[in-house]
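A.B. asks: This is the content of upload17.cif (mmCIF, C-alpha atoms and all ligand atoms):
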data_my_file
loop_
_atom_site.label_atom_id
_atom_site.label_comp_id
_atom_site.auth_asym_id
_atom_site.auth_seq_id
_atom_site.Cartn_x
_atom_site.Cartn_y
_atom_site.Cartn_z
CA MET A 5 -4.83 -10.29 23.96
CA GLN A 6 -3.89 -10.14 20.26
CA LYS A 7 -0.24 -11.00 19.60
CA ILE A 8 1.28 -9.03 16.73
CA ALA A 9 4.37 -9.67 14.62
CA LEU A 10 5.13 -6.24 13.15
CA ILE A 11 7.17 -6.16 9.95
CA GLY A 12 8.43 -2.68 9.10
CA SER A 13 8.30 -1.39 12.67
CA THR A 14 10.40 1.75 12.20
CA GLY A 15 8.51 3.10 9.17
CA SER A 16 5.53 5.46 9.13
CA ILE A 17 2.88 2.70 9.41
CA GLY A 18 4.93 0.66 11.89
CA LYS A 19 5.23 3.59 14.29
CA GLN A 20 1.48 4.17 14.15
CA VAL A 21 0.86 0.47 14.89
CA LEU A 22 3.01 0.77 18.01
CA GLU A 23 1.15 3.95 19.00
CA ILE A 24 -2.07 1.88 18.97
CA VAL A 25 -0.41 -0.93 20.99
CA ARG A 26 0.76 1.71 23.50
CA ARG A 27 -2.75 3.13 23.75
CA TYR A 28 -4.43 -0.27 24.30
CA PRO A 29 -1.96 -2.37 26.32
CA ALA A 30 -4.69 -4.79 27.44
CA GLU A 31 -5.65 -5.51 23.80
CA PHE A 32 -2.29 -6.04 22.09
CA SER A 33 1.20 -7.40 22.64
CA VAL A 34 4.15 -7.60 20.26
CA THR A 35 5.89 -10.92 19.56
CA ALA A 36 8.24 -9.73 16.82
CA LEU A 37 9.60 -6.47 15.47
CA VAL A 38 11.32 -6.34 12.10
CA ALA A 39 12.95 -3.13 10.89
CA GLY A 40 14.56 -2.40 7.53
CA SER A 41 17.92 -0.97 8.58
CA ASP A 42 17.36 1.43 11.50
CA GLU A 43 19.12 -0.50 14.30
CA ALA A 44 18.92 2.36 16.81
CA ALA A 45 15.15 2.84 16.45
CA LEU A 46 14.66 -0.93 16.61
CA ALA A 47 16.67 -1.14 19.85
CA ALA A 48 14.45 1.51 21.46
CA GLN A 49 11.29 -0.32 20.32
CA LYS A 50 12.69 -3.62 21.61
CA ALA A 51 13.31 -2.12 25.06
CA GLU A 52 9.76 -0.75 25.22
CA PHE A 53 7.70 -3.61 23.73
CA ARG A 54 9.89 -6.62 24.72
CA PRO A 55 9.18 -8.85 21.69
CA ARG A 56 10.62 -12.38 21.47
CA ILE A 57 12.28 -11.41 18.16
CA ALA A 58 13.75 -8.02 17.19
CA TYR A 59 15.54 -8.24 13.90
CA CYS A 60 16.93 -5.90 11.25
CA ALA A 61 16.30 -7.07 7.69
CA SER A 62 19.68 -5.65 6.62
CA ARG A 63 21.33 -8.45 8.69
CA GLY A 64 20.16 -11.14 6.24
CA GLU A 65 17.52 -13.86 5.92
CA MET A 66 14.36 -13.61 8.04
CA PRO A 67 14.21 -15.85 11.16
CA GLU A 68 12.31 -19.07 10.42
CA ASP A 69 10.20 -18.82 13.58
CA LEU A 70 9.19 -15.19 12.94
CA PHE A 71 5.45 -15.90 12.86
CA ASP A 72 5.33 -18.96 15.18
CA ASP A 73 3.63 -17.33 18.16
CA CYS A 74 1.68 -14.41 16.70
CA ASP A 75 -2.04 -14.10 15.94
CA THR A 76 -1.59 -11.28 13.45
CA ALA A 77 1.22 -10.49 11.03
CA LEU A 78 1.11 -6.79 10.29
CA ILE A 79 3.14 -6.37 7.11
CA ALA A 80 4.26 -2.76 6.71
CA ALA A 81 7.67 -3.40 5.14
CA ALA A 82 8.58 -1.13 2.23
CA GLY A 83 8.43 -2.20 -1.41
CA PHE A 84 9.10 -5.59 -2.94
CA SER A 85 10.82 -6.71 0.28
CA GLY A 86 7.36 -7.10 1.89
CA LEU A 87 6.36 -9.96 -0.37
CA GLY A 88 8.57 -12.62 1.25
CA TYR A 89 7.11 -11.82 4.68
CA THR A 90 3.53 -11.86 3.40
CA LEU A 91 4.04 -15.26 1.77
CA ALA A 92 5.62 -16.66 4.97
CA ALA A 93 2.72 -15.35 7.09
CA ALA A 94 0.20 -16.76 4.57
CA ARG A 95 1.82 -20.20 4.71
CA ALA A 96 1.78 -20.01 8.52
CA GLY A 97 -2.01 -19.45 8.38
CA LYS A 98 -1.97 -16.13 10.24
CA LYS A 99 -4.29 -13.16 10.05
CA ILE A 100 -2.37 -10.80 7.77
CA ALA A 101 -3.01 -7.09 8.26
CA LEU A 102 -1.56 -6.00 4.95
CA ALA A 103 -0.11 -2.52 4.57
CA ASN A 104 2.54 -3.51 2.00
CA LYS A 105 0.94 -2.89 -1.41
CA GLU A 106 3.71 -4.56 -3.37
CA SER A 107 2.78 -7.97 -1.89
CA LEU A 108 -0.44 -7.95 -3.92
CA VAL A 109 0.81 -5.77 -6.80
CA CYS A 110 3.78 -8.06 -7.53
CA GLY A 111 2.68 -11.35 -6.00
CA GLY A 112 -1.13 -11.20 -5.92
CA ALA A 113 -1.73 -14.65 -7.40
CA LEU A 114 0.90 -16.28 -5.15
CA VAL A 115 -0.30 -14.49 -2.01
CA ILE A 116 -3.98 -15.33 -2.55
CA ALA A 117 -3.14 -18.99 -3.27
CA ALA A 118 -0.78 -19.26 -0.26
CA ALA A 119 -3.43 -17.71 2.01
CA GLN A 120 -6.02 -20.20 0.79
CA ASP A 121 -3.66 -23.16 1.25
CA GLY A 122 -2.41 -21.99 4.63
CA GLY A 123 -5.81 -20.89 5.95
CA ALA A 124 -4.61 -17.31 6.35
CA GLN A 125 -6.92 -14.33 6.32
CA ILE A 126 -5.94 -11.10 4.54
CA VAL A 127 -7.21 -7.83 6.00
CA PRO A 128 -6.48 -4.57 4.16
CA VAL A 129 -4.75 -1.68 5.93
CA ASP A 130 -4.59 0.66 2.92
CA SER A 131 -7.28 3.30 3.59
CA GLU A 132 -9.12 2.83 0.28
CA HIS A 133 -9.29 -0.94 0.63
CA SER A 134 -10.26 -0.64 4.27
CA ALA A 135 -13.13 1.63 3.20
CA ILE A 136 -14.28 -1.01 0.71
CA PHE A 137 -13.91 -3.75 3.36
CA GLN A 138 -16.15 -1.70 5.68
CA ALA A 139 -18.71 -1.01 2.93
CA LEU A 140 -18.84 -4.78 2.27
CA SER A 141 -19.52 -5.45 5.99
CA PHE A 142 -16.01 -6.96 6.42
CA ASP A 143 -16.72 -9.66 3.81
CA ARG A 144 -14.16 -9.66 0.99
CA ALA A 145 -16.26 -12.22 -0.90
CA ALA A 146 -19.48 -10.13 -0.83
CA SER A 147 -20.98 -9.26 -4.23
CA PHE A 148 -21.00 -5.76 -5.71
CA GLU A 149 -21.17 -4.04 -9.08
CA ARG A 150 -18.25 -1.64 -9.07
CA LEU A 151 -15.50 -0.25 -6.86
CA VAL A 152 -14.52 3.41 -6.96
CA LEU A 153 -11.20 4.36 -5.36
CA THR A 154 -10.68 7.96 -4.37
CA ALA A 155 -7.36 9.74 -4.96
CA SER A 156 -6.24 13.02 -3.41
CA GLY A 157 -4.61 13.87 -6.74
CA GLY A 158 -1.35 14.63 -4.95
CA PRO A 159 0.42 18.01 -4.88
CA PHE A 160 0.52 18.46 -8.69
CA PHE A 161 -3.09 17.70 -9.62
CA GLY A 162 -3.84 21.26 -10.78
CA MET A 163 -0.44 21.90 -12.37
CA GLU A 164 0.13 22.30 -16.13
CA GLN A 165 1.79 19.27 -17.71
CA GLY A 166 4.65 21.44 -19.02
CA SER A 167 5.58 22.53 -15.50
CA LEU A 168 6.07 19.01 -14.14
CA ALA A 169 9.68 18.69 -15.38
CA ALA A 170 10.70 21.46 -12.98
CA VAL A 171 9.18 20.07 -9.76
CA THR A 172 11.61 18.96 -7.06
CA ALA A 173 11.57 16.06 -4.62
CA ALA A 174 10.72 18.55 -1.84
CA ASP A 175 7.66 19.73 -3.85
CA ALA A 176 6.55 16.14 -4.40
CA LEU A 177 7.02 15.21 -0.73
CA ASN A 178 4.65 18.00 0.30
CA HIS A 179 1.44 15.91 0.12
CA PRO A 180 -1.75 17.97 0.59
CA THR A 181 -3.67 15.57 2.89
CA TRP A 182 -1.78 12.42 3.93
CA HIS A 183 1.50 12.18 5.87
CA MET A 184 3.32 9.04 4.75
CA GLY A 185 6.74 7.60 3.90
CA SER A 186 8.72 9.15 1.03
CA LYS A 187 8.25 6.37 -1.59
CA ILE A 188 4.47 6.28 -1.29
CA THR A 189 4.28 10.09 -1.20
CA ILE A 190 6.11 10.29 -4.55
CA ASP A 191 3.88 7.47 -5.85
CA SER A 192 0.87 9.56 -4.85
CA ALA A 193 2.23 12.53 -6.81
CA THR A 194 2.74 10.40 -9.97
CA LEU A 195 -0.60 8.56 -9.42
CA LEU A 196 1.36 5.29 -9.61
CA ASN A 197 0.02 4.67 -6.11
CA LYS A 198 -3.55 4.76 -7.39
CA GLY A 199 -2.64 2.30 -10.14
CA TYR A 200 -1.16 0.03 -7.46
CA GLU A 201 -4.36 0.33 -5.47
CA VAL A 202 -6.46 -0.76 -8.48
CA ILE A 203 -4.29 -3.90 -8.70
CA GLU A 204 -4.61 -4.43 -4.93
CA ALA A 205 -8.41 -4.12 -5.18
CA HIS A 206 -8.43 -6.56 -8.09
CA TRP A 207 -6.83 -9.24 -5.88
CA LEU A 208 -8.48 -8.41 -2.57
CA TYR A 209 -12.04 -8.27 -3.92
CA ASN A 210 -11.69 -10.62 -6.91
CA ALA A 211 -12.80 -7.74 -9.16
CA ALA A 212 -12.11 -7.54 -12.91
CA PHE A 213 -10.10 -4.44 -13.84
CA ASP A 214 -13.01 -2.93 -15.78
CA ARG A 215 -15.09 -2.93 -12.58
CA ILE A 216 -12.61 -0.71 -10.71
CA ASP A 217 -12.52 3.07 -11.24
CA ALA A 218 -10.63 5.91 -9.59
CA VAL A 219 -11.68 9.54 -9.09
CA VAL A 220 -9.82 12.52 -7.72
CA HIS A 221 -11.19 13.76 -4.41
CA PRO A 222 -8.83 16.46 -3.11
CA GLU A 223 -10.21 16.58 0.45
CA SER A 224 -9.48 12.85 1.10
CA ILE A 225 -12.61 12.51 3.26
CA VAL A 226 -14.46 9.83 1.25
CA HIS A 227 -11.99 6.94 1.35
CA SER A 228 -13.61 4.87 -1.43
CA LEU A 229 -17.03 3.60 -2.54
CA VAL A 230 -18.77 0.36 -3.44
CA TYR A 231 -21.61 0.44 -5.98
CA PHE A 232 -24.32 -2.22 -5.81
CA SER A 233 -26.74 -3.55 -8.45
CA ASP A 234 -29.71 -1.56 -7.13
CA GLY A 235 -27.95 1.76 -7.64
CA ALA A 236 -26.92 2.17 -4.02
CA ALA A 237 -23.35 3.23 -3.28
CA LEU A 238 -21.75 2.84 0.15
CA ALA A 239 -18.76 4.88 1.21
CA GLN A 240 -16.64 5.27 4.33
CA LEU A 241 -15.83 8.81 5.40
CA GLY A 242 -13.37 10.26 7.88
CA TYR A 243 -10.46 12.65 8.18
CA PRO A 244 -7.32 11.32 6.47
CA ASP A 245 -5.70 9.47 9.39
CA MET A 246 -4.00 6.10 8.85
CA ARG A 247 -4.50 5.14 12.49
CA VAL A 248 -8.18 4.39 11.71
CA PRO A 249 -7.65 1.69 9.05
CA ILE A 250 -4.61 0.30 10.93
CA GLN A 251 -6.54 -0.08 14.18
CA LEU A 252 -9.62 -1.46 12.44
CA ALA A 253 -7.53 -4.12 10.67
CA LEU A 254 -6.53 -5.30 14.16
CA THR A 255 -9.88 -5.03 15.96
CA TYR A 256 -12.64 -5.52 13.34
CA PRO A 257 -15.55 -6.04 13.59
CA ARG A 258 -15.07 -4.20 16.88
CA ARG A 259 -14.33 -0.47 16.86
CA LEU A 260 -12.37 1.31 19.57
CA PRO A 261 -11.91 5.08 20.01
CA CYS A 262 -9.20 6.28 17.64
CA ALA A 263 -9.55 9.59 15.79
CA PRO A 264 -11.61 12.82 15.86
CA GLN A 265 -15.19 12.68 14.53
CA LEU A 266 -15.95 14.26 11.16
CA ASP A 267 -17.48 17.76 11.17
CA LEU A 268 -19.41 17.93 7.88
CA VAL A 269 -20.68 21.49 8.36
CA LYS A 270 -17.15 22.74 8.93
CA LEU A 271 -16.00 20.91 5.77
CA GLY A 272 -18.88 22.48 3.81
CA ALA A 273 -18.24 20.77 0.46
CA LEU A 274 -16.54 17.73 -1.03
CA HIS A 275 -15.23 17.69 -4.62
CA PHE A 276 -14.70 14.97 -7.20
CA TYR A 277 -12.90 15.13 -10.58
CA PRO A 278 -11.87 12.70 -13.30
CA LEU A 279 -8.38 11.26 -12.93
CA PRO A 280 -5.94 13.25 -15.19
CA ARG A 281 -4.56 10.10 -16.80
CA GLU A 282 -2.71 11.82 -19.66
CA LYS A 283 -0.83 14.16 -17.34
CA PHE A 284 0.17 11.29 -15.01
CA PRO A 285 0.97 8.26 -17.24
CA CYS A 286 2.08 6.07 -14.30
CA PHE A 287 -1.57 5.23 -13.55
CA ASP A 288 -2.14 3.62 -16.96
CA LEU A 289 1.30 2.00 -16.93
CA ALA A 290 0.32 0.29 -13.67
CA LEU A 291 -3.03 -0.82 -15.07
CA SER A 292 -1.49 -2.26 -18.24
CA ALA A 293 1.03 -4.21 -16.12
CA GLY A 294 -1.76 -5.39 -13.82
CA ARG A 295 -3.81 -6.59 -16.77
CA ALA A 296 -0.76 -8.31 -18.36
CA GLY A 297 -0.16 -10.21 -15.09
CA GLY A 298 2.71 -12.66 -14.56
CA THR A 299 5.96 -10.83 -13.86
CA ALA A 300 4.75 -7.56 -15.49
CA PRO A 301 3.72 -5.84 -12.22
CA THR A 302 7.08 -6.85 -10.67
CA VAL A 303 8.86 -5.19 -13.60
CA LEU A 304 6.65 -2.12 -13.13
CA ASN A 305 7.50 -2.02 -9.43
CA GLY A 306 11.23 -2.71 -9.77
CA ALA A 307 11.53 0.15 -12.27
CA ALA A 308 9.39 2.43 -10.07
CA GLU A 309 11.42 1.77 -6.91
CA THR A 310 14.64 2.47 -8.83
CA ALA A 311 13.23 5.60 -10.50
CA VAL A 312 11.76 7.10 -7.33
CA LYS A 313 15.07 6.63 -5.51
CA ALA A 314 16.82 8.42 -8.39
CA PHE A 315 14.23 11.23 -8.33
CA LEU A 316 14.64 11.68 -4.55
CA GLU A 317 18.41 11.93 -5.09
CA GLY A 318 17.88 14.56 -7.79
CA SER A 319 19.26 12.31 -10.57
CA ILE A 320 16.12 12.40 -12.77
CA THR A 321 13.13 14.72 -13.30
CA PHE A 322 9.57 13.96 -12.24
CA PRO A 323 8.38 12.96 -15.78
CA GLN A 324 11.41 10.66 -16.10
CA ILE A 325 9.93 8.42 -13.38
CA ALA A 326 7.21 7.38 -15.85
CA GLU A 327 9.74 7.18 -18.70
CA THR A 328 11.92 4.78 -16.69
CA ILE A 329 8.93 2.55 -15.93
CA GLU A 330 7.71 2.60 -19.53
CA ASP A 331 11.17 1.69 -20.82
CA ALA A 332 11.40 -1.30 -18.47
CA LEU A 333 7.90 -2.52 -19.40
CA ASN A 334 8.80 -2.25 -23.11
CA LYS A 335 12.24 -3.86 -22.88
CA ILE A 336 11.78 -6.71 -20.42
CA SER A 337 9.75 -9.72 -21.47
CA PHE A 338 7.23 -11.06 -18.96
CA THR A 339 6.84 -14.63 -17.82
CA ALA A 340 4.32 -16.48 -15.64
CA ALA A 341 4.60 -15.67 -11.92
CA ASP A 342 4.94 -19.31 -10.91
CA CYS A 343 6.91 -18.82 -7.68
CA TYR A 344 8.57 -16.25 -5.46
CA GLU A 345 12.03 -16.91 -6.93
CA THR A 346 10.76 -16.02 -10.42
CA LEU A 347 9.50 -12.68 -9.13
CA ARG A 348 12.71 -12.08 -7.18
CA GLU A 349 14.74 -12.62 -10.37
CA ALA A 350 12.44 -10.34 -12.40
CA ASP A 351 12.81 -7.69 -9.69
CA LEU A 352 16.64 -7.85 -9.75
CA LEU A 353 16.79 -7.89 -13.56
CA THR A 354 14.49 -4.87 -13.73
CA ARG A 355 16.48 -2.88 -11.17
CA ARG A 356 19.64 -3.45 -13.21
CA ALA A 357 17.90 -2.42 -16.45
CA ALA A 358 16.30 0.66 -14.87
CA THR A 359 19.60 1.71 -13.29
CA ALA A 360 21.28 1.44 -16.71
CA PHE A 361 18.46 3.47 -18.29
CA ILE A 362 18.76 6.22 -15.66
CA TYR A 363 22.51 6.51 -15.24
CA GLY A 364 23.62 5.24 -18.64
CA LYS A 365 22.10 8.24 -20.41
MG MG B 1 -4.12 4.29 -0.12
#
Can you turn what I pasted into structure tokens?
Ligand code: MG
C.D. replies:
Amino acid sequence: MQKIALIGSTGSIGKQVLEIVRRYPAEFSVTALVAGSDEAALAAQKAEFRPRIAYCASRGEMPEDLFDDCDTALIAAAGFSGLGYTLAAARAGKKIALANKESLVCGGALVIAAAQDGGAQIVPVDSEHSAIFQALSFDRAASFERLVLTASGGPFFGMEQGSLAAVTAADALNHPTWHMGSKITIDSATLLNKGYEVIEAHWLYNAAFDRIDAVVHPESIVHSLVYFSDGAALAQLGYPDMRVPIQLALTYPRRLPCAPQLDLVKLGALHFYPLPREKFPCFDLALSAGRAGGTAPTVLNGAAETAVKAFLEGSITFPQIAETIEDALNKISFTAADCYETLREADLLTRRAATAFIYGK
């Protein structure tokens, strides 16, 4: 029986984790549930899964004994708030099933070091990184030549650049293949998400940035590829369904029934295109912050979280998301990411600066 502490239990990923627990009650139990602010949904989950701890992050500091009795910490909290949980689980030496991208984007160096010191194991939940993990036979330290991440391209891939200023939040939330939370769906439309995933891959697989590429693949069937020195490339294929990488992060190397089998004849064809980097500048902004390191990716993320919230509220246009991020990266000076508190301060400073940029206009 694998005991799970689930952080972000009322979000899109969290609900799918609990669906898997419900399906395999002999395999999994839940020791802790942490929600962001949805007290009512948390109460219902608490009654069903009977965890030792059920806690709403909006109440304040996380309980110190959150990870005491779990085998696996599944971190699916939203945004920068996930980092504190990931670091605590790493220090506690747990298996970390990591669905929160910002933990590695903002705190990659700290998280990897804390996991090494604490004896924690990091297992990717993000579908692209799970695909790579599978292609590397579940060995994050295996050698390879190159990683290629696939991107759906989002809802605006084929749109003219000039039309992007007129798109609405509702247009951007209408993702062609994946059904996810609102922040990541907007990040998929701007391609910021793919930039985040390059940074995640950099930390997870110890890969230099120039060994990681991304291509648009509108069908979202090939979930990513690993190229090897002999010219071979291994990919993982499947319908876009987050339950597969979530469940595999819990059970690997075992596989349990989860999702429908792929019908290649019915699909007929798969397509691949270069990433339209000029039309979607967030991708390169993310890469430049990732390469700069230190607090730069935290500045990128703080500005992005602020800008996406403003876009969802209708306060800024779609292209102004990238403008807000670029302004923050230009204005705020970066320092070394020596500890969590440094990142926390950079995050708060950036949110203030981005808010002033958006609403001070
Ligand atoms: Mg992904």
A.B. asks: Which residue gives the smallest distance to Val312 of chain A among A:Asp245, A:Glu223, A:Glu327, A:Asp121, with all atoms listed in the file counted?
C.D. replies: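 Counting all atoms listed in the file, the residue closest to Val312 of chain A is A:Glu327.
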A.B. asks: Could you give me, as a Markdown table, a per-residue list for chain A showing, wherever an atom lies at most 7 Å from an atom of ligand MG 1 (chain B), the closest pair of atoms and their distance in Å to one decimal, using only C-alpha atoms and all ligand atoms and sorting by chain then residue number from low to high?
C.D. replies:
| residue | atom | partner | partner_atom | distance |
| --- | --- | --- | --- | --- |
| A:Asp130 | CA | B:MG1 | MG | 4.8 |
| A:Ser131 | CA | B:MG1 | MG | 5.0 |
| A:Glu132 | CA | B:MG1 | MG | 5.2 |
| A:Glu201 | CA | B:MG1 | MG | 6.7 |
A.B. asks: Mind running segment 317-353 of chain A against segment 89-100 of chain A at 12 Å and telling me each contacting residue's nearest atom pair with the distance in Å (one decimal), counting all atoms listed in the file, chain and number ascending, as a Markdown table?
C.D. replies:
| residue | atom | partner | partner_atom | distance |
| --- | --- | --- | --- | --- |
| A:Cys343 | CA | A:Leu91 | CA | 10.5 |
| A:Tyr344 | CA | A:Leu91 | CA | 8.6 |
| A:Glu345 | CA | A:Leu91 | CA | 11.9 |
A.B. asks: From the set A:Lys7, A:Lys283, A:Ser13, A:Lys105, which residue has the shortest atom-to-atom contact distance to Ser167 of chain A, counting all atoms listed in the file?
C.D. replies: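 Of the candidates, the smallest distance to Ser167 of chain A is held by A:Lys283.
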A.B. asks: Just want the 12 Å neighbourhood of Ala360 of chain A, counted on only C-alpha atoms, with same-chain residues fewer than 6 positions away dropped. Output as a PyMOL selection string.
C.D. replies: chain A and resi 307+310-311+314+328+331-332+353-354
A.B. asks: Residues of segment 19-51 of chain A within 9 Å of segment 249-262 of chain A: nearest atom pair and distance (Å, one decimal) for each, counting only C-alpha atoms, sorted by chain and number, as CSV?
C.D. replies:
residue,atom,partner,partner_atom,distance
A:Gln20,CA,A:Ile250,CA,7.9
A:Val21,CA,A:Ile250,CA,6.8
A:Ile24,CA,A:Gln251,CA,6.8
A:Glu31,CA,A:Thr255,CA,8.9
A.B. asks: Return the single residue from A:Val220, A:Leu10, A:Leu238, A:Val34 that is closest to Pro159 of chain A, with distances computed using all atoms listed in the file.
C.D. replies: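 Counting all atoms listed in the file, the residue closest to Pro159 of chain A is A:Val220.
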A.B. asks: Distance atom CA of Met163 of chain A-atom CA of Leu304 of chain A, one decimal place?
C.D. replies: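 Answer for the atom CA of Met163 of chain A to atom CA of Leu304 of chain A separation: 25.1 Å.
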A.B. asks: Please measure the separation of atom CA of Ser16 of chain A and atom CA of Gly185 of chain A, giving the value in Å to one decimal.
C.D. replies: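 Between atom CA of Ser16 of chain A and atom CA of Gly185 of chain A the gap works out to 5.8 Å.
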A.B. asks: Could you check which of A:Arg281, A:Arg215, A:Lys198, A:Arg150 is closest to Val230 of chain A, using all atoms listed in the file?
C.D. replies: A:Arg150
A.B. asks: At most 9 Å from (6.2, -1.5, -0.6), file frame, only C-alpha atoms: which residues, as a list in words?
C.D. replies: Ala80, Ala81, Ala82, Gly83, Phe84, Ser85, Gly86, Leu87, Ala103, Asn104, Lys105, Glu106, Ser107, Lys187, Ile188, Asn305 and Glu309 of chain A
A.B. asks: Compile the contact shell of Glu65 of chain A as number ranges by chain: residues with an atom at most 12 Å away, counting only C-alpha atoms, same-chain residues fewer than 4 positions apart removed.
C.D. replies: A: 38, 40, 59-61, 69-70, 85, 88-89
A.B. asks: Smallest atom-to-atom distance to His221 of chain A: which of A:Ala176, A:Leu279, A:Cys74, A:Ala145, using all atoms listed in the file?
C.D. replies: A:Leu279
A.B. asks: Find the residue from A:Ser62, A:Ser141, A:Ser192, A:Gln265 that sits nearest to Val248 of chain A; use all atoms listed in the file when measuring.
C.D. replies: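 That would be A:Gln265, the residue with the smallest distance to Val248 of chain A.
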A.B. asks: Suppose you want the space between atom CA of Leu208 of chain A and atom CA of Ala119 of chain A; what is it in Å?
C.D. replies: 11.5 Å
A.B. asks: Within 8 Å of segment 48-53 of chain A, counting all atoms listed in the file, which residues show up once you throw out same-chain ones fewer than 2 positions away? Write them as a list in words, please.
C.D. replies: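 Listing them by chain and then by number gives Ser33, Val34, Leu37, Ala44, Ala45, Leu46, Pro55 and Ala58 of chain A.
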A.B. asks: Mind checking which residues fall within 12 Å of Pro264 of chain A, counting only C-alpha atoms, ignoring those fewer than 5 positions away in the same chain, and posting them as a compact mmCIF listing (two decimals) with C-alpha atoms, keeping the file's coordinate frame?
C.D. replies:
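result39.txt written:
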# COMPACT_ATOMS: atom_id res chain seq x y z
CA LEU A 241 -15.83 8.81 5.40
CA GLY A 242 -13.37 10.26 7.88
CA TYR A 243 -10.46 12.65 8.18
CA PRO A 244 -7.32 11.32 6.47
CA ASP A 245 -5.70 9.47 9.39
CA ARG A 247 -4.50 5.14 12.49
CA VAL A 248 -8.18 4.39 11.71
A.B. asks: For Ser233 of chain A, list every protein, DNA or RNA residue within 10 Å, evaluated using only C-alpha atoms, and leave out those in the same chain fewer than 3 positions away; present the list as a PyMOL selection string.
C.D. replies: chain A and resi 147-150+236-237
A.B. asks: Enumerate, as a list in words, the protein, DNA and RNA residues whose atoms approach (-12.1, 6.7, -7.0) to within 10 Å, taking into account only C-alpha atoms and the coordinate frame of the file.
C.D. replies: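 The requested residues, written out, are Glu132, Leu151, Val152, Leu153, Thr154, Ala155, Ser156, Lys198, Val202, Ile216, Asp217, Ala218, Val219, Val220, His221, Val226, His227, Ser228, Leu229, Val230, Phe276, Tyr277, Pro278 and Leu279 of chain A.
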A.B. asks: As lines of an AutoDock Vina configuration file, what would the box around segment 220-227 of chain A look like: edges along x, y and z, 4 Å added on every side, centre and edge lengths in Å to one decimal?
C.D. replies:
center_x = -11.6
center_y = 11.8
center_z = -2.2
size_x = 13.6
size_y = 17.6
size_z = 19.0
